[in-house]
Structures are given as structure tokens and as C-alpha cells.
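K.L.:
Okay, so here is work27.cif, and as you'll see once you scroll down, it has mmCIF, C-alpha atoms.
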```
data_start
loop_
_atom_site.group_PDB
_atom_site.id
_atom_site.type_symbol
_atom_site.label_atom_id
_atom_site.label_comp_id
_atom_site.auth_asym_id
_atom_site.auth_seq_id
_atom_site.Cartn_x
_atom_site.Cartn_y
_atom_site.Cartn_z
ATOM 1 C CA MET C 1 -35.011 -25.885 87.024
ATOM 2 C CA THR C 2 -36.896 -29.003 85.941
ATOM 3 C CA GLN C 3 -38.358 -28.953 82.455
ATOM 4 C CA THR C 4 -41.953 -30.158 82.293
ATOM 5 C CA LYS C 5 -43.391 -32.319 79.524
ATOM 6 C CA GLU C 6 -45.367 -29.259 78.350
ATOM 7 C CA ASP C 7 -42.195 -27.135 78.228
ATOM 8 C CA ALA C 8 -40.345 -29.822 76.244
ATOM 9 C CA LEU C 9 -43.212 -29.943 73.742
ATOM 10 C CA ALA C 10 -43.252 -26.133 73.500
ATOM 11 C CA ARG C 11 -39.519 -26.134 72.753
ATOM 12 C CA ARG C 12 -40.003 -28.760 70.044
ATOM 13 C CA ILE C 13 -42.800 -26.657 68.517
ATOM 14 C CA SER C 14 -40.584 -23.552 68.515
ATOM 15 C CA GLU C 15 -37.745 -25.493 66.890
ATOM 16 C CA TYR C 16 -40.154 -26.810 64.250
ATOM 17 C CA LEU C 17 -41.530 -23.348 63.459
ATOM 18 C CA HIS C 18 -38.052 -21.775 63.499
ATOM 19 C CA ALA C 19 -36.756 -24.306 60.960
ATOM 20 C CA ARG C 20 -39.646 -23.535 58.576
ATOM 21 C CA GLU C 21 -39.495 -19.710 58.767
ATOM 22 C CA GLY C 22 -37.689 -17.948 55.957
ATOM 23 C CA VAL C 23 -37.750 -14.649 57.845
ATOM 24 C CA ALA C 24 -35.852 -16.186 60.784
ATOM 25 C CA ALA C 25 -32.977 -17.084 58.471
ATOM 26 C CA LEU C 26 -33.179 -13.744 56.646
ATOM 27 C CA PHE C 27 -32.756 -11.743 59.873
ATOM 28 C CA GLY C 28 -30.534 -14.259 61.659
ATOM 29 C CA LEU C 29 -33.036 -14.858 64.463
ATOM 30 C CA ALA C 30 -31.831 -17.306 67.100
ATOM 31 C CA MET C 31 -34.071 -19.260 69.429
ATOM 32 C CA GLU C 32 -33.003 -18.583 73.019
ATOM 33 C CA GLY C 33 -35.610 -20.688 74.805
ATOM 34 C CA ALA C 34 -39.240 -21.721 74.916
ATOM 35 C CA GLY C 35 -41.774 -23.232 77.261
ATOM 36 C CA ARG C 36 -45.507 -23.392 77.623
ATOM 37 C CA GLY C 37 -46.783 -19.822 77.215
ATOM 38 C CA TRP C 38 -43.394 -18.170 76.640
ATOM 39 C CA ALA C 39 -40.550 -17.936 74.156
ATOM 40 C CA LYS C 40 -37.323 -15.989 73.666
ATOM 41 C CA CYS C 41 -35.447 -15.185 70.491
ATOM 42 C CA SER C 42 -32.626 -12.829 69.643
ATOM 43 C CA MET C 43 -30.821 -11.151 66.779
ATOM 44 C CA ILE C 44 -27.835 -8.910 66.155
ATOM 45 C CA VAL C 45 -28.706 -5.601 64.452
ATOM 46 C CA LYS C 46 -26.954 -5.430 61.065
ATOM 47 C CA GLY C 47 -26.487 -2.493 58.711
ATOM 48 C CA GLU C 48 -29.133 -3.726 56.299
ATOM 49 C CA MET C 49 -31.678 -3.652 59.157
ATOM 50 C CA THR C 50 -31.452 0.109 59.692
ATOM 51 C CA ASN C 51 -33.711 2.962 58.680
ATOM 52 C CA GLY C 52 -32.662 6.329 57.242
ATOM 53 C CA HIS C 53 -31.541 7.502 60.690
ATOM 54 C CA GLY C 54 -29.064 4.643 61.077
ATOM 55 C CA VAL C 55 -30.974 2.810 63.819
ATOM 56 C CA CYS C 56 -32.834 -0.496 63.664
ATOM 57 C CA HIS C 57 -35.949 -0.215 61.501
ATOM 58 C CA GLY C 58 -39.257 -0.534 63.341
ATOM 59 C CA GLY C 59 -40.414 -3.250 60.959
ATOM 60 C CA VAL C 60 -37.400 -5.367 61.875
ATOM 61 C CA LEU C 61 -38.139 -4.907 65.588
ATOM 62 C CA PHE C 62 -41.769 -5.864 64.936
ATOM 63 C CA THR C 63 -40.564 -8.998 63.117
ATOM 64 C CA LEU C 64 -38.351 -10.015 66.050
ATOM 65 C CA ALA C 65 -41.234 -9.557 68.509
ATOM 66 C CA ASP C 66 -43.730 -11.261 66.196
ATOM 67 C CA ASN C 67 -41.482 -14.311 65.980
ATOM 68 C CA ALA C 68 -41.303 -14.716 69.757
ATOM 69 C CA PHE C 69 -45.080 -14.131 69.904
ATOM 70 C CA ALA C 70 -45.681 -16.858 67.295
ATOM 71 C CA TRP C 71 -43.631 -19.400 69.205
ATOM 72 C CA ALA C 72 -45.337 -18.548 72.502
ATOM 73 C CA CYS C 73 -48.891 -18.621 71.160
ATOM 74 C CA ASN C 74 -48.316 -21.966 69.424
ATOM 75 C CA SER C 75 -46.668 -23.494 72.512
ATOM 76 C CA ARG C 76 -49.836 -25.400 73.489
ATOM 77 C CA ASN C 77 -49.607 -27.338 70.200
ATOM 78 C CA VAL C 78 -52.772 -25.866 68.719
ATOM 79 C CA VAL C 79 -52.213 -23.883 65.521
ATOM 80 C CA ALA C 80 -52.521 -20.201 66.462
ATOM 81 C CA LEU C 81 -52.259 -17.120 64.284
ATOM 82 C CA ALA C 82 -51.976 -13.429 65.032
ATOM 83 C CA GLN C 83 -55.336 -11.684 65.163
ATOM 84 C CA SER C 84 -53.883 -8.274 65.988
ATOM 85 C CA ALA C 85 -50.637 -6.779 67.213
ATOM 86 C CA SER C 86 -49.154 -3.421 68.105
ATOM 87 C CA ILE C 87 -45.752 -2.186 69.178
ATOM 88 C CA ASN C 88 -44.414 0.782 71.117
ATOM 89 C CA PHE C 89 -40.839 1.841 70.375
ATOM 90 C CA LEU C 90 -39.004 3.101 73.451
ATOM 91 C CA SER C 91 -35.301 3.360 72.611
ATOM 92 C CA PRO C 92 -33.272 3.090 69.388
ATOM 93 C CA ALA C 93 -31.239 -0.036 68.705
ATOM 94 C CA ARG C 94 -27.922 0.401 66.933
ATOM 95 C CA ILE C 95 -25.824 -1.682 64.568
ATOM 96 C CA GLY C 96 -24.006 -4.456 66.418
ATOM 97 C CA GLU C 97 -26.387 -4.619 69.376
ATOM 98 C CA LYS C 98 -27.837 -7.973 70.384
ATOM 99 C CA LEU C 99 -31.567 -7.719 71.021
ATOM 100 C CA THR C 100 -33.651 -10.304 72.853
ATOM 101 C CA ALA C 101 -37.416 -10.605 72.550
ATOM 102 C CA HIS C 102 -39.198 -12.308 75.453
ATOM 103 C CA ALA C 103 -42.825 -13.263 74.810
ATOM 104 C CA ARG C 104 -45.096 -14.270 77.650
ATOM 105 C CA GLU C 105 -48.704 -15.325 77.779
ATOM 106 C CA GLU C 106 -50.898 -12.975 79.788
ATOM 107 C CA ALA C 107 -54.175 -14.855 79.244
ATOM 108 C CA ASN C 108 -55.522 -17.784 77.271
ATOM 109 C CA VAL C 109 -59.315 -17.974 77.160
ATOM 110 C CA GLY C 110 -61.194 -20.129 74.679
ATOM 111 C CA ARG C 111 -59.597 -19.580 71.275
ATOM 112 C CA THR C 112 -57.991 -16.245 72.219
ATOM 113 C CA GLY C 113 -54.551 -15.621 73.690
ATOM 114 C CA VAL C 114 -53.082 -12.341 74.918
ATOM 115 C CA TYR C 115 -49.293 -11.884 74.858
ATOM 116 C CA THR C 116 -46.737 -9.261 75.801
ATOM 117 C CA VAL C 117 -43.329 -9.248 74.152
ATOM 118 C CA THR C 118 -40.504 -7.106 75.480
ATOM 119 C CA ILE C 119 -37.413 -6.385 73.407
ATOM 120 C CA ALA C 120 -34.298 -5.500 75.383
ATOM 121 C CA ALA C 121 -30.684 -4.743 74.506
ATOM 122 C CA GLU C 122 -27.837 -6.527 76.288
ATOM 123 C CA ASP C 123 -27.224 -3.444 78.438
ATOM 124 C CA GLY C 124 -30.762 -3.793 79.832
ATOM 125 C CA ARG C 125 -32.325 -0.918 77.860
ATOM 126 C CA MET C 126 -35.925 -1.574 76.917
ATOM 127 C CA ILE C 127 -36.141 -1.147 73.132
ATOM 128 C CA ALA C 128 -39.824 -1.915 72.513
ATOM 129 C CA VAL C 129 -42.973 -3.482 73.949
ATOM 130 C CA PHE C 130 -45.271 -5.490 71.671
ATOM 131 C CA GLN C 131 -48.825 -6.602 72.464
ATOM 132 C CA GLY C 132 -50.326 -9.476 70.489
ATOM 133 C CA LEU C 133 -53.701 -11.160 70.327
ATOM 134 C CA SER C 134 -53.791 -14.687 68.904
ATOM 135 C CA ARG C 135 -56.610 -16.887 67.699
ATOM 136 C CA THR C 136 -56.399 -20.656 67.461
ATOM 137 C CA ALA C 137 -57.278 -22.162 64.099
ATOM 138 C CA GLY C 138 -57.423 -25.808 65.157
ATOM 139 C CA GLY C 139 -55.148 -28.724 64.459
ATOM 140 C CA ASN C 140 -51.772 -29.497 65.964
ATOM 141 C CA VAL C 141 -48.495 -27.810 65.098
ATOM 142 C CA VAL C 142 -46.527 -31.052 65.588
ATOM 143 C CA GLU C 143 -47.486 -34.639 66.268
ATOM 144 C CA GLU C 144 -47.260 -35.596 69.926
#
```
Is it possible to express this structure as C-alpha cells?
P.N.:
Amino acid sequence: MTQTKEDALARRISEYLHAREGVAALFGLAMEGAGRGWAKCSMIVKGEMTNGHGVCHGGVLFTLADNAFAWACNSRNVVALAQSASINFLSPARIGEKLTAHAREEANVGRTGVYTVTIAAEDGRMIAVFQGLSRTAGGNVVEE
């Protein structure tokens, strides 16, 4: 697959944001890929990420999805912030499982972007689905 100039810029933006995010380091989030309108990141569920039932805490799952969402909605190199977001939890994630969040742009109209982020386990189980609405704030994320 040939990488476009836009995809290369989107990857650079994701790398820039990833390097500046304290939460990415805290949770061990890894960038798996990025392009214009999409991004993927992953993490391994650790013991300190669990809730009282011993499964991955919903807030941690939200953070994973929100990270992929942030990279995708900033991929056009216009500063974008979350306006709203929601998540539906479908299956529990357990300690040691690798989870991958895949964000994709559904629509981008004016200053508003609509994104869906799916979180899946390595065995293919769907863990959660996140919906995010972004709003551009102006300015570039990185210099072109």
C-alpha cells in the first residue's frame, strides 16, 4: 500500500501528540498506525488498570479510545478537541490482554468531525465501541 503525503503528515502528527501525552506513557499506549482520518493504538491490560471485579476499568478503556480519537481527529493538521464522547462496553478485558483501538472518521463537515473507535482484543472479541464528536479550534498541530 502506498502512503500518501496526507497519511505521512497524519502519522507525524500522531507521533508528535503521542510524545507529548503523559497519559500515553502512564498506560503504556503504543501507536500502531495513523493516516488521514484514522489512527490505531494499543495497550496491554495491567493489574493496576482493573476495577473491583478484576477486569479492565471502563475509564482506562475510555482513555485508550480517546487517544486513538485524538490522533484521528487531529490528522488533518488543524487543532481539534473533543466536544463530546460516549462509550458502550461490550465484553470484559482481562489482565494480560492486548487491546487495540481503531479510530476512523465517519464525517468531517465544517469544524465538526464524527468518529467511531472500536476496541478489540487479540482474539477478535469486541471490547467496546466509542463515538466521538470533535471541534476544530484553529491553528496547526505541527508545522508543514
K.L.:
Go through C:Pro92, C:Asn77, C:Cys56, C:Phe62 one by one, measure the shortest atom-to-atom distance of each to Ser14 (chain C) using only C-alpha atoms, and give the residue with the smallest value.
P.N.:
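Among the listed residues, the smallest separation from Ser14 (chain C) belongs to C:Asn77.
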K.L.:
So how far away is CA of Gly59 (chain C) from CA of Gly139 (chain C), in Å?
P.N.:
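That distance, rounded to one decimal, is 29.6 Å.
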K.L.:
Run the PyMOL selection byres ((chain C and resi 36-45) around 8) on the file and write out the hits as a CSV table (one decimal) with C-alpha atoms, keeping the file's coordinate frame.
P.N.:
```csv
chain,number,residue,atom,x,y,z
C,6,GLU,CA,-45.4,-29.3,78.4
C,7,ASP,CA,-42.2,-27.1,78.2
C,9,LEU,CA,-43.2,-29.9,73.7
C,10,ALA,CA,-43.3,-26.1,73.5
C,14,SER,CA,-40.6,-23.6,68.5
C,27,PHE,CA,-32.8,-11.7,59.9
C,28,GLY,CA,-30.5,-14.3,61.7
C,29,LEU,CA,-33.0,-14.9,64.5
C,30,ALA,CA,-31.8,-17.3,67.1
C,31,MET,CA,-34.1,-19.3,69.4
C,32,GLU,CA,-33.0,-18.6,73.0
C,33,GLY,CA,-35.6,-20.7,74.8
C,34,ALA,CA,-39.2,-21.7,74.9
C,35,GLY,CA,-41.8,-23.2,77.3
C,46,LYS,CA,-27.0,-5.4,61.1
C,47,GLY,CA,-26.5,-2.5,58.7
C,49,MET,CA,-31.7,-3.7,59.2
C,50,THR,CA,-31.5,0.1,59.7
C,56,CYS,CA,-32.8,-0.5,63.7
C,64,LEU,CA,-38.4,-10.0,66.0
C,67,ASN,CA,-41.5,-14.3,66.0
C,68,ALA,CA,-41.3,-14.7,69.8
C,69,PHE,CA,-45.1,-14.1,69.9
C,71,TRP,CA,-43.6,-19.4,69.2
C,72,ALA,CA,-45.3,-18.5,72.5
C,73,CYS,CA,-48.9,-18.6,71.2
C,75,SER,CA,-46.7,-23.5,72.5
C,76,ARG,CA,-49.8,-25.4,73.5
C,93,ALA,CA,-31.2,0.0,68.7
C,94,ARG,CA,-27.9,0.4,66.9
C,95,ILE,CA,-25.8,-1.7,64.6
C,96,GLY,CA,-24.0,-4.5,66.4
C,97,GLU,CA,-26.4,-4.6,69.4
C,98,LYS,CA,-27.8,-8.0,70.4
C,99,LEU,CA,-31.6,-7.7,71.0
C,100,THR,CA,-33.7,-10.3,72.9
C,101,ALA,CA,-37.4,-10.6,72.6
C,102,HIS,CA,-39.2,-12.3,75.5
C,103,ALA,CA,-42.8,-13.3,74.8
C,104,ARG,CA,-45.1,-14.3,77.6
C,105,GLU,CA,-48.7,-15.3,77.8
```
K.L.:
Decode the PyMOL selection byres ((chain C and resi 142) around 7) for the given file into explicit residues and return them as a list of chain:residue names.
P.N.:
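Checking the PyMOL selection byres ((chain C and resi 142) around 7) against this file, the residues are C:Ile13, C:Asn77, C:Asn140, C:Val141, C:Glu143, C:Glu144.
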K.L.:
Carefully work through the PyMOL selection byres ((chain C and resi 111) around 6) for this structure and note down the residues it includes, as a list in words.
P.N.:
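Answer for the PyMOL selection byres ((chain C and resi 111) around 6): Gly110, Thr112, Arg135 and Thr136 of chain C.
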K.L.:
For CA of Leu17 (chain C) and CA of Gly132 (chain C), quote the distance in Å rounded to one decimal.
P.N.:
17.9 Å
K.L.:
Between C:Ala65, C:Ala137, C:Ala128, C:Val109, which has the minimum distance to Phe89 (chain C) (counting all atoms listed in the file)?
P.N.:
C:Ala128
K.L.:
For Gly113 (chain C), which residue out of C:Leu90, C:Val60, C:Ser84, C:Arg125 is the nearest one, using only C-alpha atoms?
P.N.:
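Nearest to Gly113 (chain C): C:Ser84.
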K.L.:
Could you state the separation of CA of Val114 (chain C) and CA of Asn74 (chain C) in Å, given to one decimal place?
P.N.:
12.1 Å
K.L.:
Determine the nearest neighbour of Tyr16 (chain C) from the options C:Ala70, C:Thr4, C:Gly138, C:Ala82, counting all atoms listed in the file.
P.N.:
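Ranked by minimum distance to Tyr16 (chain C), first place goes to C:Ala70.
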K.L.:
If you take every atom of region 91-103 of chain C that the file lists and fit an axis-aligned box around them with 5 Å extra on each side, what centre and edge lengths come out in Å to one decimal, as JSON?
P.N.:
```
{"center_x": -33.4, "center_y": -5.0, "center_z": 70.0, "size_x": 28.8, "size_y": 26.6, "size_z": 20.9}
```
K.L.:
Smallest atom-to-atom distance to His57 (chain C): which of C:Ile127, C:Val117, C:Val79, C:Ala25, using all atoms listed in the file?
P.N.:
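When distances to His57 (chain C) are compared using all atoms listed in the file, the smallest one comes from C:Ile127.
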K.L.:
I need the residue nearest Leu61 (chain C) from this list: C:Ala120, C:Ala8, C:Val78, C:Ala107. Use all atoms listed in the file for the distance.
P.N.:
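Closest to Leu61 (chain C), using all atoms listed in the file: C:Ala120.
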K.L.:
Write out N, CA and C atoms for region 123-138 of chain C, as a short mmCIF file (atom, residue, chain, number, x, y, z; two decimals), in the coordinates of the input.
P.N.:
```
data_model
loop_
_atom_site.label_atom_id
_atom_site.label_comp_id
_atom_site.auth_asym_id
_atom_site.auth_seq_id
_atom_site.Cartn_x
_atom_site.Cartn_y
_atom_site.Cartn_z
N ASP C 123 -27.51 -4.34 77.31
CA ASP C 123 -27.22 -3.44 78.44
C ASP C 123 -28.45 -3.22 79.33
N GLY C 124 -29.56 -3.89 79.01
CA GLY C 124 -30.76 -3.79 79.83
C GLY C 124 -31.77 -2.76 79.36
N ARG C 125 -31.38 -1.92 78.38
CA ARG C 125 -32.33 -0.92 77.86
C ARG C 125 -33.53 -1.60 77.24
N MET C 126 -34.70 -1.09 77.54
CA MET C 126 -35.92 -1.57 76.92
C MET C 126 -36.04 -0.89 75.56
N ILE C 127 -36.08 -1.67 74.50
CA ILE C 127 -36.14 -1.15 73.13
C ILE C 127 -37.59 -0.98 72.68
N ALA C 128 -38.43 -1.97 72.96
CA ALA C 128 -39.82 -1.92 72.51
C ALA C 128 -40.68 -2.87 73.33
N VAL C 129 -41.99 -2.59 73.33
CA VAL C 129 -42.97 -3.48 73.95
C VAL C 129 -44.06 -3.74 72.91
N PHE C 130 -44.33 -5.01 72.68
CA PHE C 130 -45.27 -5.49 71.67
C PHE C 130 -46.43 -6.16 72.39
N GLN C 131 -47.64 -5.93 71.94
CA GLN C 131 -48.82 -6.60 72.46
C GLN C 131 -49.45 -7.38 71.32
N GLY C 132 -49.73 -8.66 71.54
CA GLY C 132 -50.33 -9.48 70.49
C GLY C 132 -51.54 -10.23 70.97
N LEU C 133 -52.49 -10.39 70.08
CA LEU C 133 -53.70 -11.16 70.33
C LEU C 133 -53.71 -12.30 69.32
N SER C 134 -53.80 -13.53 69.80
CA SER C 134 -53.79 -14.69 68.90
C SER C 134 -55.16 -15.36 68.90
N ARG C 135 -55.37 -16.13 67.85
CA ARG C 135 -56.61 -16.89 67.70
C ARG C 135 -56.23 -18.28 67.22
N THR C 136 -56.71 -19.31 67.91
CA THR C 136 -56.40 -20.66 67.46
C THR C 136 -57.24 -21.00 66.24
N ALA C 137 -56.62 -21.77 65.35
CA ALA C 137 -57.28 -22.16 64.10
C ALA C 137 -57.60 -23.65 64.07
N GLY C 138 -57.18 -24.37 65.10
CA GLY C 138 -57.42 -25.81 65.16
C GLY C 138 -56.27 -26.60 64.57
#
```
